[in-house]
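**Q** I have a structure here, written as C-alpha cells, and I will follow up with some questions on it.
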2 protein chains.
Amino acid sequence: MKITKDLYQSNLVLLTDFYQLTMAYAYWKAGKGEQEAVFNLFFRKHPFQGGFSLAAGLDYVIDYCKNFRFSGTDLDYLAQMKNQDGSPVFAEEFLDYLKNLKFSCDIEAVEEGTVVFPNAPLIRVRGPLIQCQLLETPLLNIINFQTLIATKAARINVAANGAPVLEFGLRRAQGIDGALAASRAAYIGGCTSTSNVMAGKLFGIPVSGTHAHSWIMSFETELEAFEAYAEAFPEKCVFLVDTYDTIQGIKNAIKVGKILRDKGKEMVGIRIDSGDLAYFSIQARQMLDEAGFPEAKIVASNDLDEQIITSLKTQEAAIDVWGVGTKLVTAYDQPALGAVYKLSAIKDENGKWVPKVKVSQQSMKINIPGLHNVKRYYSKDKAVADMIYLEEEEINPRGVVIIDPIDPTRRKRLMPAFYSEEVLLKPIFKAGKLVYSIPSLEKIRERAAQQLESLDKTHKRLVNPHLYPVGLEENLHHLRMELVLKSQNFENEKNEQE
Amino acid sequence: MKITKDLYQSNLVLLTDFYQLTMAYAYWKAGKGEQEAVFNLFFRKHPFQGGFSLAAGLDYVIDYCKNFRFSGTDLDYLAQMKNQDGSPVFAEEFLDYLKNLKFSCDIEAVEEGTVVFPNAPLIRVRGPLIQCQLLETPLLNIINFQTLIATKAARINVAANGAPVLEFGLRRAQGIDGALAASRAAYIGGCTSTSNVMAGKLFGIPVSGTHAHSWIMSFETELEAFEAYAEAFPEKCVFLVDTYDTIQGIKNAIKVGKILRDKGKEMVGIRIDSGDLAYFSIQARQMLDEAGFPEAKIVASNDLDEQIITSLKTQEAAIDVWGVGTKLVTAYDQPALGAVYKLSAIKDENGKWVPKVKVSQQSMKINIPGLHNVKRYYSKDKAVADMIYLEEEEINPRGVVIIDPIDPTRRKRLMPAFYSEEVLLKPIFKAGKLVYSIPSLEKIRERAAQQLESLDKTHKRLVNPHLYPVGLEENLHHLRMELVLKSQNFENEKNEQE
C-alpha cells in the first residue's frame, strides 16, 4: 500500500516539528549533521491500563521513508522564512544540503501485528544525526496512533470473544487519515470489516453497512422502508429496527423477512442502535426464534467499547455481531499513546559508539542506552518473557537474568536453551535501501491473531492484567546503572564548580 | 486552500460509510434518488462540559463538495463488489448513474470561527436524497473534528488569558490529517503558532520551535549544546533547560545569554518541559531577573490543558508562553464531538415540503423539523440570544418568544426591533455552484476572536458556565410538538392494528 502515492502528495517530509529543522540546521552548522546516532522509539506504559499492546503503522513508516526528500516547493517554503531582522532563517547552503539529502538510515523494527510491551524498542533508527532527527516526529505520529488503535481493537475483540466486530467510526474519527489509519489498525486488531469505503478501496478491508434511520424516515412507514430495502438488497437485509418503536420495528422486520423467504431469500438479521441493548436484544431473539428466524443475527451498536460489551455479555444479551465506532477509532478513554523517540548512542570522532541515557527524576523516564534489541522466548507456542539486550553481548544459552527496567528487585532467571526465540527488531532499511518484504494486510492481521494467541490469557485480561515479564539482560542493566550514576556525579561536579 | 489538491488525491467521494452507498442504490431502485430532501448537521451538547463551541471545518467541506465525483477507479472498486452468490452488489446502470452524478445541492452553513450552540444547525444540505445521503459521513467527519479542536483551543486560550499558546501536538495526533486539521483548527481557536511545518506550508500558519533534549544529549555538555545553538540561531534562542538538572540548565542558559548579549543579541528565553512547572518557573524568573534578563520569556510545556494552565496561573507560576500538544490536538478529555446529520424535511410527489422528526424516548434526541435557520441577536456587540426559526414564517419585530428545545418551560421574550441581528446560516452552494467567497485563515481567526469577544464571559467560564439562551421560535416549537404527538399517535394506531 502506498499511502503517500494513493492518498497524499508524493512526500511528507515537512510533516515534522519545526524544531527538527532548526536542530538539523544547527547540527549542520556545528559540523555534526553526519555524525552517526541511534534513536529508539518505545512507549512507557500500555494504554487503557492493559497488559499488552499491538504494534501497527510500520507500512506507513516504510512509505514515508521511501519518499523522504525535499521537493522544490518544500525548499521554497523554507527559503522564505525570515528572522525578525529580515535575514533568512536558513542559509542557502543548508537548503542545498537538504535538496541533495538522500535517505540513508538503517531501520530495524518490530513487525506489524506483534504484541509489544513497555520500554522495548518498536523501531530503531541508525544514521546521520540530521536524518534521525527529522524522522522523529512523523514516526511518532504514525506509530503512536496506529498502535493505539490496533490495541484498542484487540481489546474489543477480546471482549467480543470471537463474535464479529464491525468498525464504523468514520463520522467521529479525528480527521480524514484519523479515520483511514484507524480502519486499517482496527482490522489488524481483529475487526472483521469497516464502514469506510475508501479504506476498503485503499487497503482491501471488507466493507459493510446497510441503512440508517434516514432511510426509514424518507418513507411513509417503516414497513414500506423495509420492503423497499429488501427489494434492492434481497441478499443483504439487516433491518434497523429502532427508528420509531423497537418492538414494532422487530415485528416489521419479521414481516418483511417472511416476504423475502417466500421469494427464496433469507434476511440476514436486524440491528438495534439505541435503548437498552440487553433488554431489546433478548426480546428480539425470542421474537425472531418464535417467528421461525433462529438464524437471523442481532447486530448491536451505540457507543460500545470493551467494557460495555463485557457488561452486555454478563447480562446474557442476545447479540451476535458488535458494531463499534467512536470509542474504537478515537481510543476514547485514552486518545493518545505516549511513545517517545530517544537518543541511545552516538559515535564519537574515533568511530566509537558512546551509549547515552537521559536521566530524569523519575526512574520510569530513564531510557535504555546502547544498540539494543529484543528477544522473545517461547515455550511451545506461548510467549514466556522478553529480554532487551545489547547486540554486541553474547547471550549465555545456559542461563540469563533479566531485570525489570523500573524496579530492579524484579528479576527472572531464564535458560534460553529451553526455549525457542524470536528476535523482534527485524531489518527494514539498510543504508536507506528497503530490505524487508512487506507483508499484505491480511498477513499482518493473521500475525496479530497468532501473537495474541501466544499470550497467556491472564495478560489479556481487560482489568488488572497479569504483568508479562520484560527485562534488561544483566550487562545492559549494569551499563544503564553505571551511566545513570556517572551522569549524576557529572552533574554534581559541575554544580561544585559554580 | 485546496486540501484535496494539495494533500489528498483529487476526490474523496468514497470517504463515506458503505451504508450511504447501499441506501443510494436502494433509493435509486425505489425511484426516490432525486427526491428533494433537507438534512441538518448539528450537535446536542457542548464538548468539555463547556458553555460554547467554535465552528470550524467549512473550508474542507467546500473543497470536498467541489471535488464530489466518482472517478474511474472508484467505480471499478464498486463494480467488483459481489454478493455471496457471486452477483454484483450494484447494478451497472446504477454505476452509470454515479458516473454521471454532478453535485447539485444547496448548502447553507455557519461561517468558520462562529460561536455555536447545541441543536442549531451548523450546515444545512438541500438536494436530491442520494447526494444528501452520500455527504453525511464526510461532512460529519470534517466538522466534528475541527469544531472539537477549535473549541478546545479557544478554551485553552481563555485559560491563558492573552498569553501566547503554541500548538505542538503532531507527534501524538491521530494520524496525518488528525495533526494537520488540528493545527488549522487550533489556529482558528486562537493559538499563535504550530510546530507542524507542513501545516505551516499548507495553511500559512506561523511555525515555531527550537530544540529538543536530544540536541543537548548529542553534545558532551549542556553548555556546549547551548553555545552551538546560539551560534546557529542567535536571533531565536529559547534554551530547553531541563535535560539534566533544571536549575543548572537555567544557569547555563544565563551564561550563554550573556555571551549572546556581548555579540549584540538577546536570548528570547528558556523552556521548561518537566518537573514542577510552578516551582521551576518562579525560580527561573528570579534567576533571570537577577542576572539582568527581565525580558527573557519562560515557556512551559508538558501535558498542559486549560485546567492545568488555570491551576498554574492560580499558583502564580511565572510562565509567559504556553506550549500545548497532546491534550489539545486529540481533545484528550473528550476526543469526539457527537454531531449528527438528520433529515428534517422531504418533498412529496406534489412538490410540497413535509417536515420530519425522528422521535426518541429521550426528548433531547428529537430533531428540529422543517427548513429552519438561526438568527443571533446582538445588543451593541454582545450576543444576547439565538433563535431557531422556520424560514417561511415571518418574525414579528415587536416581540417573539423563544422556547428551549429540551425544556419547554424555559422561555424568553425578545423584541427583535431592539437588537441588531445576524442570520447564521449563509449560502455556500446554490444548485451545486459555489456562491460563497471563502475567507482567508487569518480572517477566520479574526472572526473567531470577535465572536468570542461578543460572548459574555460567564458563558466562557471553563467550569459550570452560564447557559447562553438558544430557543425555537414559537411556530417552530408548535410544529415540532405537533409532529411528535402525531408520530406517537401514529405508532399507537399501528400497534392497535396488530
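Starting from 1 in every chain, residues are counted up; chains themselves are A, B, ... following the order of the C-alpha cells, and ligands are numbered from 1 as listed.
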For the interface of range 32-143 of chain A with range 435-447 of chain A (cut-off 10 Å, counting only C-alpha atoms), please tabulate each contacting residue of range 32-143 of chain A alongside its nearest pair of atoms and their separation in Å to one decimal, rows sorted by chain and increasing number, as a Markdown table.
**A**
| residue | atom | partner | partner_atom | distance |
| --- | --- | --- | --- | --- |
| A:Ala56 | CA | A:Ile444 | CA | 9.0 |
| A:Leu58 | CA | A:Ile438 | CA | 9.3 |
| A:Asp59 | CA | A:Ile438 | CA | 7.4 |
| A:Ile62 | CA | A:Ile438 | CA | 9.0 |
| A:Asp106 | CA | A:Val435 | CA | 9.9 |
| A:Ile107 | CA | A:Val435 | CA | 9.7 |
| A:Glu108 | CA | A:Tyr436 | CA | 9.6 |
| A:Glu111 | CA | A:Ile444 | CA | 8.2 |
| A:Glu112 | CA | A:Ile444 | CA | 6.0 |
| A:Gly113 | CA | A:Arg447 | CA | 5.4 |
| A:Thr114 | CA | A:Arg447 | CA | 6.9 |
| A:Val115 | CA | A:Arg447 | CA | 9.4 |
**Q** Would you output that residue set with C-alpha atoms, as a JSON list (two decimals), in the first residue's frame?
**A**
[["chain", "number", "residue", "atom", "x", "y", "z"],
["A", 56, "ALA", "CA", 0.95, -1.18, 13.93],
["A", 58, "LEU", "CA", 5.16, 0.20, 10.01],
["A", 59, "ASP", "CA", 3.81, 0.14, 6.46],
["A", 62, "ILE", "CA", 8.22, 2.50, 5.21],
["A", 106, "ASP", "CA", 19.35, 1.68, 8.87],
["A", 107, "ILE", "CA", 15.95, 0.94, 10.31],
["A", 108, "GLU", "CA", 15.06, -2.08, 12.38],
["A", 111, "GLU", "CA", 6.71, -6.24, 12.57],
["A", 112, "GLU", "CA", 3.14, -5.02, 12.48],
["A", 113, "GLY", "CA", 0.79, -7.28, 14.37],
["A", 114, "THR", "CA", 3.40, -8.10, 17.03],
["A", 115, "VAL", "CA", 2.40, -7.95, 20.68]]
**Q** Give one line per residue of chain B that approaches chain A to at most 7 Å, naming the two atoms of the closest pair and their distance in Å to one decimal, counting only C-alpha atoms; sort by chain then ascending residue number and deliver it as a tab-separated table.
**A**
residue	atom	partner	partner_atom	distance
B:Asp6	CA	A:Gln9	CA	6.8
B:Leu7	CA	A:Tyr8	CA	5.1
B:Tyr8	CA	A:Tyr8	CA	4.6
B:Gln9	CA	A:Leu7	CA	5.4
B:Leu14	CA	A:Met198	CA	4.8
B:Leu15	CA	A:Met198	CA	4.9
B:Thr16	CA	A:Asn196	CA	5.7
B:Asp17	CA	A:Ser195	CA	4.8
B:Phe18	CA	A:Ser195	CA	5.2
B:Tyr19	CA	A:Gly209	CA	4.4
B:Thr22	CA	A:Thr210	CA	6.1
B:Met23	CA	A:His211	CA	5.8
B:Ala26	CA	A:Ala232	CA	5.1
B:Lys29	CA	A:Ala232	CA	6.3
B:Ala30	CA	A:Ala228	CA	6.4
B:Tyr77	CA	A:Lys201	CA	6.4
B:Thr137	CA	A:Arg171	CA	5.1
B:Pro138	CA	A:Arg171	CA	6.7
B:Leu140	CA	A:Arg171	CA	5.1
B:Asn141	CA	A:Arg171	CA	4.3
B:Ile142	CA	A:Gly175	CA	6.1
B:Asn144	CA	A:Arg172	CA	6.4
B:Phe145	CA	A:Gln174	CA	5.4
B:Leu170	CA	A:Asn141	CA	6.3
B:Arg171	CA	A:Asn141	CA	4.3
B:Arg172	CA	A:Asn141	CA	5.5
B:Ala173	CA	A:Asn141	CA	6.2
B:Gln174	CA	A:Gly178	CA	5.1
B:Gly175	CA	A:Gly178	CA	4.8
B:Ile176	CA	A:Asp177	CA	5.8
B:Asp177	CA	A:Asp177	CA	5.2
B:Gly178	CA	A:Gly175	CA	4.8
B:Ala181	CA	A:Gly175	CA	6.6
B:Ser195	CA	A:Asp17	CA	4.8
B:Asn196	CA	A:Asp17	CA	4.9
B:Val197	CA	A:Leu14	CA	5.4
B:Met198	CA	A:Leu14	CA	4.8
B:Lys201	CA	A:Tyr77	CA	6.4
B:Val207	CA	A:Phe18	CA	6.6
B:Ser208	CA	A:Phe18	CA	6.0
B:Gly209	CA	A:Tyr19	CA	4.4
B:Thr210	CA	A:Tyr19	CA	4.7
B:His211	CA	A:Tyr19	CA	5.2
B:Ser214	CA	A:Leu343	CA	6.1
B:Trp215	CA	A:Met23	CA	6.9
B:Ala228	CA	A:Ala30	CA	6.4
B:Tyr229	CA	A:Ala26	CA	5.9
B:Ala232	CA	A:Ala26	CA	5.1
B:Tyr244	CA	A:Val359	CA	6.3
B:Thr330	CA	A:Pro335	CA	6.4
B:Tyr332	CA	A:Pro335	CA	6.0
B:Pro335	CA	A:Tyr332	CA	6.0
B:Ala336	CA	A:Arg172	CA	5.9
B:Leu337	CA	A:Arg172	CA	7.0
B:Gly338	CA	A:Arg172	CA	7.0
B:Lys342	CA	A:Ser214	CA	7.0
B:Leu343	CA	A:Ser214	CA	6.1
B:Val359	CA	A:Tyr244	CA	6.2
B:Ser360	CA	A:Tyr244	CA	6.9
**Q** Which residues, written as number ranges by chain, have at least one atom at most 6 Å from Trp322 in chain B, with only C-alpha atoms counted and residues fewer than 4 positions away on the same chain left out?
**A** B: 165, 299-300
**Q** Which residue, B:Tyr419, B:Phe42, B:Phe94, B:Phe226, has the smallest gap to Leu75 in chain B when you use only C-alpha atoms?
**A**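 With only C-alpha atoms as the atom set, the closest residue is B:Phe94.
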**Q** Find the residues around Ala431 in chain B up to 12 Å (only C-alpha atoms counted), leave out those fewer than 6 positions away in its own chain, and share them as an NGL selection string.
**A** :B and (36 or 65-66 or 102-108 or 125-128 or 131)
**Q** From a DSSP pass on the backbone, collect the residues of range 90-289 of chain B flagged as strand (DSSP E or B) and hand them back as a list in words.
**A** Asp106, Ile107, Glu108, Ala109, Val110, Val115, Val116, Ile123, Arg124, Val125, Arg126, Gly127, Pro128, Val165, Leu166, Glu167, Ser193, Thr194, Asn196, Val207, Val238, Phe239, Leu240, Gly269, Ile270, Arg271 and Ile272 of chain B
**Q** Save the residues we just selected, N, CA and C atoms, as a PDB file, in the first residue's frame?
**A**
ATOM      1  N   ASP B 106     -27.947  22.600  -2.638  1.00  0.00           N
ATOM      2  CA  ASP B 106     -27.813  23.888  -1.944  1.00  0.00           C
ATOM      3  C   ASP B 106     -27.175  23.593  -0.596  1.00  0.00           C
ATOM      4  N   ILE B 107     -26.178  24.363  -0.246  1.00  0.00           N
ATOM      5  CA  ILE B 107     -25.623  24.219   1.111  1.00  0.00           C
ATOM      6  C   ILE B 107     -25.598  25.584   1.774  1.00  0.00           C
ATOM      7  N   GLU B 108     -26.175  25.634   2.958  1.00  0.00           N
ATOM      8  CA  GLU B 108     -26.034  26.809   3.817  1.00  0.00           C
ATOM      9  C   GLU B 108     -25.209  26.390   5.034  1.00  0.00           C
ATOM     10  N   ALA B 109     -24.399  27.287   5.533  1.00  0.00           N
ATOM     11  CA  ALA B 109     -23.579  26.909   6.689  1.00  0.00           C
ATOM     12  C   ALA B 109     -23.219  28.117   7.531  1.00  0.00           C
ATOM     13  N   VAL B 110     -22.967  27.828   8.784  1.00  0.00           N
ATOM     14  CA  VAL B 110     -22.412  28.813   9.705  1.00  0.00           C
ATOM     15  C   VAL B 110     -20.948  29.017   9.312  1.00  0.00           C
ATOM     16  N   VAL B 115     -19.181  31.331  16.980  1.00  0.00           N
ATOM     17  CA  VAL B 115     -19.554  30.635  18.215  1.00  0.00           C
ATOM     18  C   VAL B 115     -20.902  29.969  17.984  1.00  0.00           C
ATOM     19  N   VAL B 116     -21.012  28.693  18.314  1.00  0.00           N
ATOM     20  CA  VAL B 116     -22.236  27.936  18.041  1.00  0.00           C
ATOM     21  C   VAL B 116     -22.709  27.176  19.278  1.00  0.00           C
ATOM     22  N   ILE B 123     -24.725  23.196   9.457  1.00  0.00           N
ATOM     23  CA  ILE B 123     -24.788  23.065   8.000  1.00  0.00           C
ATOM     24  C   ILE B 123     -26.181  22.553   7.647  1.00  0.00           C
ATOM     25  N   ARG B 124     -26.727  23.076   6.561  1.00  0.00           N
ATOM     26  CA  ARG B 124     -27.992  22.572   6.045  1.00  0.00           C
ATOM     27  C   ARG B 124     -27.772  22.181   4.590  1.00  0.00           C
ATOM     28  N   VAL B 125     -28.111  20.962   4.269  1.00  0.00           N
ATOM     29  CA  VAL B 125     -27.939  20.464   2.902  1.00  0.00           C
ATOM     30  C   VAL B 125     -29.321  20.219   2.316  1.00  0.00           C
ATOM     31  N   ARG B 126     -29.564  20.754   1.153  1.00  0.00           N
ATOM     32  CA  ARG B 126     -30.844  20.573   0.469  1.00  0.00           C
ATOM     33  C   ARG B 126     -30.533  20.100  -0.940  1.00  0.00           C
ATOM     34  N   GLY B 127     -31.119  18.966  -1.307  1.00  0.00           N
ATOM     35  CA  GLY B 127     -30.836  18.457  -2.645  1.00  0.00           C
ATOM     36  C   GLY B 127     -31.388  17.064  -2.810  1.00  0.00           C
ATOM     37  N   PRO B 128     -31.027  16.390  -3.900  1.00  0.00           N
ATOM     38  CA  PRO B 128     -31.511  15.032  -4.146  1.00  0.00           C
ATOM     39  C   PRO B 128     -31.085  14.099  -3.014  1.00  0.00           C
ATOM     40  N   VAL B 165      -0.163  30.890  23.057  1.00  0.00           N
ATOM     41  CA  VAL B 165      -0.269  29.440  23.177  1.00  0.00           C
ATOM     42  C   VAL B 165       0.286  28.820  21.901  1.00  0.00           C
ATOM     43  N   LEU B 166       1.355  28.054  22.026  1.00  0.00           N
ATOM     44  CA  LEU B 166       1.966  27.375  20.878  1.00  0.00           C
ATOM     45  C   LEU B 166       1.417  25.957  20.806  1.00  0.00           C
ATOM     46  N   GLU B 167       1.010  25.539  19.619  1.00  0.00           N
ATOM     47  CA  GLU B 167       0.488  24.169  19.457  1.00  0.00           C
ATOM     48  C   GLU B 167       1.611  23.286  18.937  1.00  0.00           C
ATOM     49  N   SER B 193       0.827  29.691  16.986  1.00  0.00           N
ATOM     50  CA  SER B 193       1.701  29.025  16.023  1.00  0.00           C
ATOM     51  C   SER B 193       1.540  27.528  16.162  1.00  0.00           C
ATOM     52  N   THR B 194       2.135  26.803  15.208  1.00  0.00           N
ATOM     53  CA  THR B 194       2.170  25.348  15.270  1.00  0.00           C
ATOM     54  C   THR B 194       3.615  24.893  15.113  1.00  0.00           C
ATOM     55  N   ASN B 196       4.062  22.114  13.434  1.00  0.00           N
ATOM     56  CA  ASN B 196       3.933  21.254  12.251  1.00  0.00           C
ATOM     57  C   ASN B 196       4.277  22.043  10.988  1.00  0.00           C
ATOM     58  N   VAL B 207       5.023  28.966  12.107  1.00  0.00           N
ATOM     59  CA  VAL B 207       5.578  27.791  12.774  1.00  0.00           C
ATOM     60  C   VAL B 207       6.594  28.223  13.811  1.00  0.00           C
ATOM     61  N   VAL B 238      15.659  29.981  22.433  1.00  0.00           N
ATOM     62  CA  VAL B 238      14.887  29.565  23.602  1.00  0.00           C
ATOM     63  C   VAL B 238      15.545  28.272  24.071  1.00  0.00           C
ATOM     64  N   PHE B 239      16.241  28.338  25.189  1.00  0.00           N
ATOM     65  CA  PHE B 239      17.011  27.181  25.643  1.00  0.00           C
ATOM     66  C   PHE B 239      16.156  26.243  26.489  1.00  0.00           C
ATOM     67  N   LEU B 240      16.191  24.974  26.115  1.00  0.00           N
ATOM     68  CA  LEU B 240      15.478  23.940  26.885  1.00  0.00           C
ATOM     69  C   LEU B 240      16.375  23.576  28.068  1.00  0.00           C
ATOM     70  N   GLY B 269      14.466  33.379  25.462  1.00  0.00           N
ATOM     71  CA  GLY B 269      14.015  32.855  26.740  1.00  0.00           C
ATOM     72  C   GLY B 269      14.454  31.432  26.979  1.00  0.00           C
ATOM     73  N   ILE B 270      13.740  30.780  27.894  1.00  0.00           N
ATOM     74  CA  ILE B 270      14.034  29.386  28.230  1.00  0.00           C
ATOM     75  C   ILE B 270      12.733  28.580  28.147  1.00  0.00           C
ATOM     76  N   ARG B 271      12.895  27.259  28.049  1.00  0.00           N
ATOM     77  CA  ARG B 271      11.715  26.401  28.090  1.00  0.00           C
ATOM     78  C   ARG B 271      11.890  25.336  29.162  1.00  0.00           C
ATOM     79  N   ILE B 272      10.841  25.085  29.918  1.00  0.00           N
ATOM     80  CA  ILE B 272      10.824  24.037  30.943  1.00  0.00           C
ATOM     81  C   ILE B 272       9.773  23.019  30.521  1.00  0.00           C
TER      82      ILE B 272
END
**Q** Skipping near chain neighbours, those fewer than 6 positions away, what residues fall within 8 Å of Asp305 in chain A using only C-alpha atoms, listed as an NGL selection string?
**A** :A and (156 or 324 or 327-328)
**Q** Would you mind exporting the chosen residues as a compact mmCIF listing (two decimals), in the first residue's frame, restricted to N, CA, C and O atoms?
**A**
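Result file follows (out14.txt):
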# COMPACT_ATOMS: atom_id res chain seq x y z
N ILE A 156 -11.20 -4.89 22.27
CA ILE A 156 -12.64 -5.02 21.98
C ILE A 156 -12.92 -6.43 21.45
O ILE A 156 -13.92 -7.04 21.81
N VAL A 324 -18.90 -1.15 16.38
CA VAL A 324 -18.24 -0.16 17.24
C VAL A 324 -17.72 1.00 16.39
O VAL A 324 -17.28 0.80 15.26
N LYS A 327 -15.74 5.02 20.10
CA LYS A 327 -14.87 4.60 21.20
C LYS A 327 -13.65 3.84 20.71
O LYS A 327 -12.62 3.81 21.37
N LEU A 328 -13.79 3.19 19.55
CA LEU A 328 -12.67 2.47 18.95
C LEU A 328 -11.74 3.42 18.17
O LEU A 328 -10.55 3.47 18.45
**Q** Mind checking which residues fall within 12 Å of Gln286 in chain A, counting only C-alpha atoms, ignoring those fewer than 4 positions away in the same chain, and posting them as a VMD selection string?
**A** chain A and resid 247 250 to 251 254 279 to 282 290 to 296 298 317 to 318
**Q** I need the residues from that last selection saved to file as a tab-separated table (two decimals), in the first residue's frame (with N, CA, C and O atoms), if you can.
**A**
chain	number	residue	atom	x	y	z
A	247	ILE	N	-39.83	-2.58	19.38
A	247	ILE	CA	-40.60	-3.84	19.32
A	247	ILE	C	-41.41	-3.90	18.03
A	247	ILE	O	-41.42	-4.92	17.32
A	250	ILE	N	-39.11	-4.70	15.19
A	250	ILE	CA	-38.78	-6.13	15.08
A	250	ILE	C	-39.93	-6.86	14.37
A	250	ILE	O	-39.71	-7.70	13.49
A	251	LYS	N	-41.16	-6.49	14.74
A	251	LYS	CA	-42.34	-7.12	14.08
A	251	LYS	C	-42.31	-6.84	12.57
A	251	LYS	O	-42.56	-7.74	11.76
A	254	ILE	N	-39.72	-8.91	10.85
A	254	ILE	CA	-40.18	-10.30	10.69
A	254	ILE	C	-41.14	-10.41	9.51
A	254	ILE	O	-41.05	-11.34	8.69
A	279	TYR	N	-31.97	-5.62	27.09
A	279	TYR	CA	-33.41	-5.89	27.06
A	279	TYR	C	-33.91	-6.16	25.64
A	279	TYR	O	-34.53	-7.19	25.37
A	280	PHE	N	-33.61	-5.23	24.73
A	280	PHE	CA	-34.18	-5.36	23.39
A	280	PHE	C	-33.59	-6.54	22.61
A	280	PHE	O	-34.28	-7.17	21.81
A	281	SER	N	-32.31	-6.85	22.86
A	281	SER	CA	-31.73	-8.00	22.12
A	281	SER	C	-32.38	-9.31	22.59
A	281	SER	O	-32.64	-10.21	21.78
A	282	ILE	N	-32.64	-9.41	23.87
A	282	ILE	CA	-33.27	-10.63	24.39
A	282	ILE	C	-34.71	-10.75	23.86
A	282	ILE	O	-35.14	-11.82	23.42
A	290	GLU	N	-39.33	-17.35	17.70
A	290	GLU	CA	-40.74	-17.78	17.64
A	290	GLU	C	-41.32	-17.64	16.24
A	290	GLU	O	-42.19	-18.41	15.83
A	291	ALA	N	-40.82	-16.64	15.51
A	291	ALA	CA	-41.34	-16.41	14.15
A	291	ALA	C	-40.65	-17.30	13.12
A	291	ALA	O	-40.92	-17.19	11.92
A	292	GLY	N	-39.74	-18.15	13.58
A	292	GLY	CA	-39.08	-19.06	12.64
A	292	GLY	C	-37.80	-18.50	12.01
A	292	GLY	O	-37.39	-18.91	10.94
A	293	PHE	N	-37.18	-17.55	12.72
A	293	PHE	CA	-35.91	-16.98	12.21
A	293	PHE	C	-34.77	-17.17	13.21
A	293	PHE	O	-34.14	-16.20	13.63
A	294	PRO	N	-34.51	-18.43	13.60
A	294	PRO	CA	-33.45	-18.64	14.60
A	294	PRO	C	-32.06	-18.29	14.07
A	294	PRO	O	-31.13	-18.08	14.84
A	295	GLU	N	-31.92	-18.24	12.75
A	295	GLU	CA	-30.61	-17.93	12.17
A	295	GLU	C	-30.38	-16.42	12.00
A	295	GLU	O	-29.26	-16.01	11.68
A	296	ALA	N	-31.42	-15.64	12.14
A	296	ALA	CA	-31.27	-14.19	11.94
A	296	ALA	C	-30.34	-13.62	13.02
A	296	ALA	O	-30.49	-13.90	14.20
A	298	ILE	N	-28.48	-10.75	15.35
A	298	ILE	CA	-28.79	-9.48	16.01
A	298	ILE	C	-27.51	-8.66	16.13
A	298	ILE	O	-26.54	-9.09	16.76
A	317	ALA	N	-27.01	-10.68	27.06
A	317	ALA	CA	-27.64	-10.02	25.90
A	317	ALA	C	-27.49	-10.93	24.69
A	317	ALA	O	-26.46	-11.58	24.52
A	318	ALA	N	-28.53	-11.00	23.87
A	318	ALA	CA	-28.52	-11.92	22.72
A	318	ALA	C	-27.97	-11.21	21.48
A	318	ALA	O	-28.67	-11.01	20.50
**Q** Which residues, written as a list in words, have at least one atom at most 7 Å from Gln315 in chain B, with only C-alpha atoms counted and residues fewer than 3 positions away on the same chain left out?
**A**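 Everything that qualifies: Ala278, Ser311 and Leu312 of chain B.
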**Q** Could you please write out, as a count of residues only, every residue of range 114-350 of chain B that DSSP assigns to helix (DSSP H, G or I)?
**A** 115
**Q** Distance CA of Met267 in chain A-CA of Glu227 in chain A, one decimal place?
**A**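 So the two atoms, CA of Met267 in chain A and CA of Glu227 in chain A, lie 11.5 Å apart.
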**Q** Counting only C-alpha atoms, which residue out of A:Lys382, A:Lys263, A:Arg398, A:His459 sits closest to Phe418 in chain A?
**A** A:Arg398
**Q** For CA of Met364 in chain A and CA of Ile309 in chain B, determine how far apart the two atoms are, in Å to one decimal place.
**A**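 CA of Met364 in chain A sits 24.9 Å away from CA of Ile309 in chain B.
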**Q** Record the distance separating CA of Gly33 in chain B and CA of Val241 in chain A, expressed in Å with one decimal.
**A**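 Answer for the CA of Gly33 in chain B to CA of Val241 in chain A separation: 22.5 Å.
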